[in-house]
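What follows is one structure encoded as structure tokens, with my remarks underneath.
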Amino acid sequence: MASTTPFLTAVQGRRSIYTITKELPIPTSRILEIVHEALEHAPSPFNVRSCRCIVLFGDEHDKLWRHAYEITQKDSPQAIPILGPKIEGYAAGAGSVLFFDDTSAYGSLTPRFAALSKQFPEWEEHSSGMHQFIVWTALTAENLGCSLQHYQQGITPYVKELYDVPESWNLKSQLVFGGRAGEVPDPKPKTGLESALKSFGA
Ligand SMILES: Cc1cc2nc3c(=O)[nH]c(=O)nc-3n(C[C@H](O)[C@H](O)[C@H](O)COP(=O)(O)O)c2cc1C
């Protein structure tokens, strides 16, 4: 059912889209604006605001995924028949948003909140996911194709060195984006919804 709430319409329209191109339907400045909006408005535990982003466009994006290919070929050659074409598909896109968590930000918490620091690894993941979701959904609403990737294990040293990333920033995910090469895929099956929601006392 179509939603009458623009936010939920955007939520319903978000997809993983893998056939992407270098032709963006919006200027790069608008993409940066959207990432900035997420950094400004996404919630974080105790408002610690530890999410950090680096956006790579053009050659920088291409180099990242070339490196991901090479490192995968070196470390996991058996995976290349499956991962190789996928990585080439990301390289065919226009850019990547790299999401980090800056653990040094936790030092700014007052002692009362710092006492809860053991919870942080989990809560920070929640907040990072919210940032990622906002950018993914907003870029899709602007007619880009996006997919969320997790190549941090292989690419972190390359990213940190090339972009002078502080040691305290941990790479969490890569949102690959580009123009759309084809139709938006149909929504994937949404199974188990009948047991996913319970309510009492409504
Ligand atoms: C936390 C998280 C991790 C994901 N990791 C990957 C990933 O590494 N590679 C990928 O292609 N998709 C990844 N996805 C996308 C999911 O596979 C996708 O969202 C799901 O199959 C539903 O499809 P849809 O995005 O088209 O609605 C991830 C999604 C989430 C929420």
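Identifiers for the structure tokens are assigned positionally: chains receive A, B, ... in sequence, residues are indexed from 1 per chain, and ligands are indexed from 1 in the order shown.
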
What residues in segment 2-160 of chain A get the DSSP label helix (DSSP H, G or I)? Please answer as a VMD selection string. chain A and resid 6 to 13 28 to 41 45 to 47 58 to 75 77 to 91 103 to 108 111 to 114 117 to 141 152 to 160

Give me a file of those residues, with C-alpha atoms, as a CSV table (one decimal), in the first residue's frame.
```csv
chain,number,residue,atom,x,y,z
A,6,PRO,CA,6.8,11.1,2.3
A,7,PHE,CA,9.3,9.6,4.7
A,8,LEU,CA,7.7,6.2,4.6
A,9,THR,CA,7.3,6.4,0.8
A,10,ALA,CA,11.1,6.9,0.7
A,11,VAL,CA,11.6,4.0,3.1
A,12,GLN,CA,9.4,1.8,0.8
A,13,GLY,CA,11.3,2.8,-2.3
A,28,THR,CA,28.0,15.8,-6.3
A,29,SER,CA,27.3,18.8,-4.1
A,30,ARG,CA,23.8,17.4,-3.4
A,31,ILE,CA,25.2,14.0,-2.4
A,32,LEU,CA,27.5,15.8,0.0
A,33,GLU,CA,24.6,17.8,1.3
A,34,ILE,CA,22.6,14.5,2.0
A,35,VAL,CA,25.6,12.9,3.9
A,36,HIS,CA,25.9,16.2,5.9
A,37,GLU,CA,22.2,16.0,6.8
A,38,ALA,CA,22.6,12.5,8.1
A,39,LEU,CA,25.6,13.5,10.1
A,40,GLU,CA,23.7,16.4,11.5
A,41,HIS,CA,20.4,14.8,12.3
A,45,PRO,CA,24.0,7.5,22.1
A,46,PHE,CA,24.1,10.4,24.5
A,47,ASN,CA,24.5,12.6,21.4
A,58,GLY,CA,35.3,9.5,-9.8
A,59,ASP,CA,38.9,8.3,-9.9
A,60,GLU,CA,39.0,8.0,-6.1
A,61,HIS,CA,36.0,5.6,-6.1
A,62,ASP,CA,37.5,3.6,-9.0
A,63,LYS,CA,40.8,3.2,-7.2
A,64,LEU,CA,39.1,2.0,-4.0
A,65,TRP,CA,37.3,-0.8,-5.8
A,66,ARG,CA,40.4,-1.7,-7.9
A,67,HIS,CA,42.2,-2.1,-4.6
A,68,ALA,CA,39.3,-4.1,-3.2
A,69,TYR,CA,39.6,-6.4,-6.2
A,70,GLU,CA,43.4,-6.8,-5.8
A,71,ILE,CA,43.3,-7.4,-2.1
A,72,THR,CA,40.5,-10.0,-2.5
A,73,GLN,CA,42.5,-11.7,-5.3
A,74,LYS,CA,45.5,-11.8,-3.0
A,75,ASP,CA,43.9,-12.8,0.3
A,77,PRO,CA,41.6,-16.0,-4.6
A,78,GLN,CA,39.0,-18.8,-4.3
A,79,ALA,CA,36.4,-16.0,-3.8
A,80,ILE,CA,37.2,-14.1,-7.0
A,81,PRO,CA,34.8,-16.0,-9.3
A,82,ILE,CA,31.9,-14.8,-7.2
A,83,LEU,CA,33.2,-11.5,-5.7
A,84,GLY,CA,35.2,-10.3,-8.7
A,85,PRO,CA,32.2,-9.5,-10.9
A,86,LYS,CA,30.5,-7.9,-7.9
A,87,ILE,CA,33.4,-5.7,-7.2
A,88,GLU,CA,33.6,-4.7,-10.9
A,89,GLY,CA,30.0,-3.8,-10.6
A,90,TYR,CA,30.7,-1.4,-7.7
A,91,ALA,CA,33.6,0.1,-9.6
A,103,THR,CA,36.1,6.1,19.1
A,104,SER,CA,38.0,9.2,20.2
A,105,ALA,CA,34.6,11.0,20.4
A,106,TYR,CA,33.6,8.9,23.4
A,107,GLY,CA,36.2,10.8,25.5
A,108,SER,CA,33.9,13.8,25.3
A,111,PRO,CA,31.7,10.8,33.6
A,112,ARG,CA,28.0,9.8,34.2
A,113,PHE,CA,27.7,8.6,30.6
A,114,ALA,CA,31.2,7.3,30.4
A,117,SER,CA,31.0,2.9,28.1
A,118,LYS,CA,30.8,-0.9,28.0
A,119,GLN,CA,27.5,-0.5,26.1
A,120,PHE,CA,29.1,1.7,23.5
A,121,PRO,CA,30.2,-0.9,20.9
A,122,GLU,CA,26.6,-2.1,20.5
A,123,TRP,CA,25.0,1.3,20.6
A,124,GLU,CA,27.4,2.8,18.3
A,125,GLU,CA,26.6,0.1,15.7
A,126,HIS,CA,22.9,1.1,16.0
A,127,SER,CA,23.7,4.7,15.4
A,128,SER,CA,26.0,4.0,12.5
A,129,GLY,CA,23.3,1.9,10.9
A,130,MET,CA,20.9,4.8,11.3
A,131,HIS,CA,23.3,7.1,9.5
A,132,GLN,CA,23.8,4.5,6.7
A,133,PHE,CA,20.1,4.0,6.3
A,134,ILE,CA,19.4,7.8,6.0
A,135,VAL,CA,22.0,8.2,3.3
A,136,TRP,CA,20.9,5.0,1.4
A,137,THR,CA,17.2,6.0,1.5
A,138,ALA,CA,17.8,9.6,0.7
A,139,LEU,CA,20.1,8.9,-2.3
A,140,THR,CA,17.5,6.3,-3.6
A,141,ALA,CA,14.8,8.9,-3.3
A,152,GLN,CA,36.6,-3.0,5.5
A,153,GLN,CA,38.7,-6.0,6.5
A,154,GLY,CA,40.7,-5.8,3.3
A,155,ILE,CA,40.6,-2.1,2.4
A,156,THR,CA,41.1,-0.3,5.8
A,157,PRO,CA,44.9,0.0,5.6
A,158,TYR,CA,44.6,1.4,2.1
A,159,VAL,CA,41.9,3.9,3.0
A,160,LYS,CA,43.6,5.0,6.2
```

Sort by chain and increasing residue number a table of all residues of chain A within 9 Å of ligand 1, each with its closest pair of atoms and their distance in Å to one decimal, counting only C-alpha atoms and all ligand atoms, and write it as CSV.
```
residue,atom,partner,partner_atom_place_in_ligand_line,distance
A:Gln12,CA,ligand 1,27 (O),8.6
A:Gly13,CA,ligand 1,27 (O),8.5
A:Arg14,CA,ligand 1,27 (O),6.3
A:Arg15,CA,ligand 1,26 (O),3.5
A:Ser16,CA,ligand 1,26 (O),3.8
A:Ile17,CA,ligand 1,26 (O),6.8
A:Tyr18,CA,ligand 1,11 (O),7.8
A:Lys86,CA,ligand 1,11 (O),8.5
A:Gly129,CA,ligand 1,1 (C),6.9
A:Gln132,CA,ligand 1,31 (C),8.9
A:Phe133,CA,ligand 1,31 (C),8.0
A:Cys146,CA,ligand 1,25 (O),8.8
A:Ser147,CA,ligand 1,11 (O),5.8
A:Leu148,CA,ligand 1,13 (C),4.9
A:Gln149,CA,ligand 1,8 (O),4.0
A:His150,CA,ligand 1,8 (O),4.5
A:Tyr151,CA,ligand 1,8 (O),7.5
A:Ser173,CA,ligand 1,8 (O),8.0
A:Gln174,CA,ligand 1,8 (O),8.6
A:Pro185,CA,ligand 1,26 (O),7.4
A:Asp186,CA,ligand 1,26 (O),8.0
A:Pro187,CA,ligand 1,27 (O),6.1
A:Lys188,CA,ligand 1,23 (O),5.8
A:Pro189,CA,ligand 1,22 (C),8.7
A:Lys190,CA,ligand 1,22 (C),8.9
```

Out of segment 124-161 of chain A, which residues get strand (DSSP E or B) from DSSP, as a ChimeraX atom specification? /A:145-149

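Taking only C-alpha atoms into account, Glu167 of chain A lies nearest to A:Asp102 out of the set A:Leu144, A:Leu109, A:Ser44, A:Asp102.
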
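The spacing separating atom CA of Ile20 of chain A from atom CA of Phe99 of chain A amounts to 20.2 Å.
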
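When only C-alpha atoms are used to measure the gap to Ala92 of chain A, the shortest distance among A:Leu197, A:Val184, A:Ala202, A:Val176 belongs to A:Val176.
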
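For the pair atom CA of Gly182 of chain A and atom CA of Glu23 of chain A, the interatomic distance is 12.6 Å.
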
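Atom CA of Lys172 of chain A lies 20.1 Å from atom CA of Gly145 of chain A.
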
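When only C-alpha atoms are used to measure the gap to Phe177 of chain A, the shortest distance among A:Thr5, A:Thr110, A:Ser195, A:Thr19 belongs to A:Thr19.
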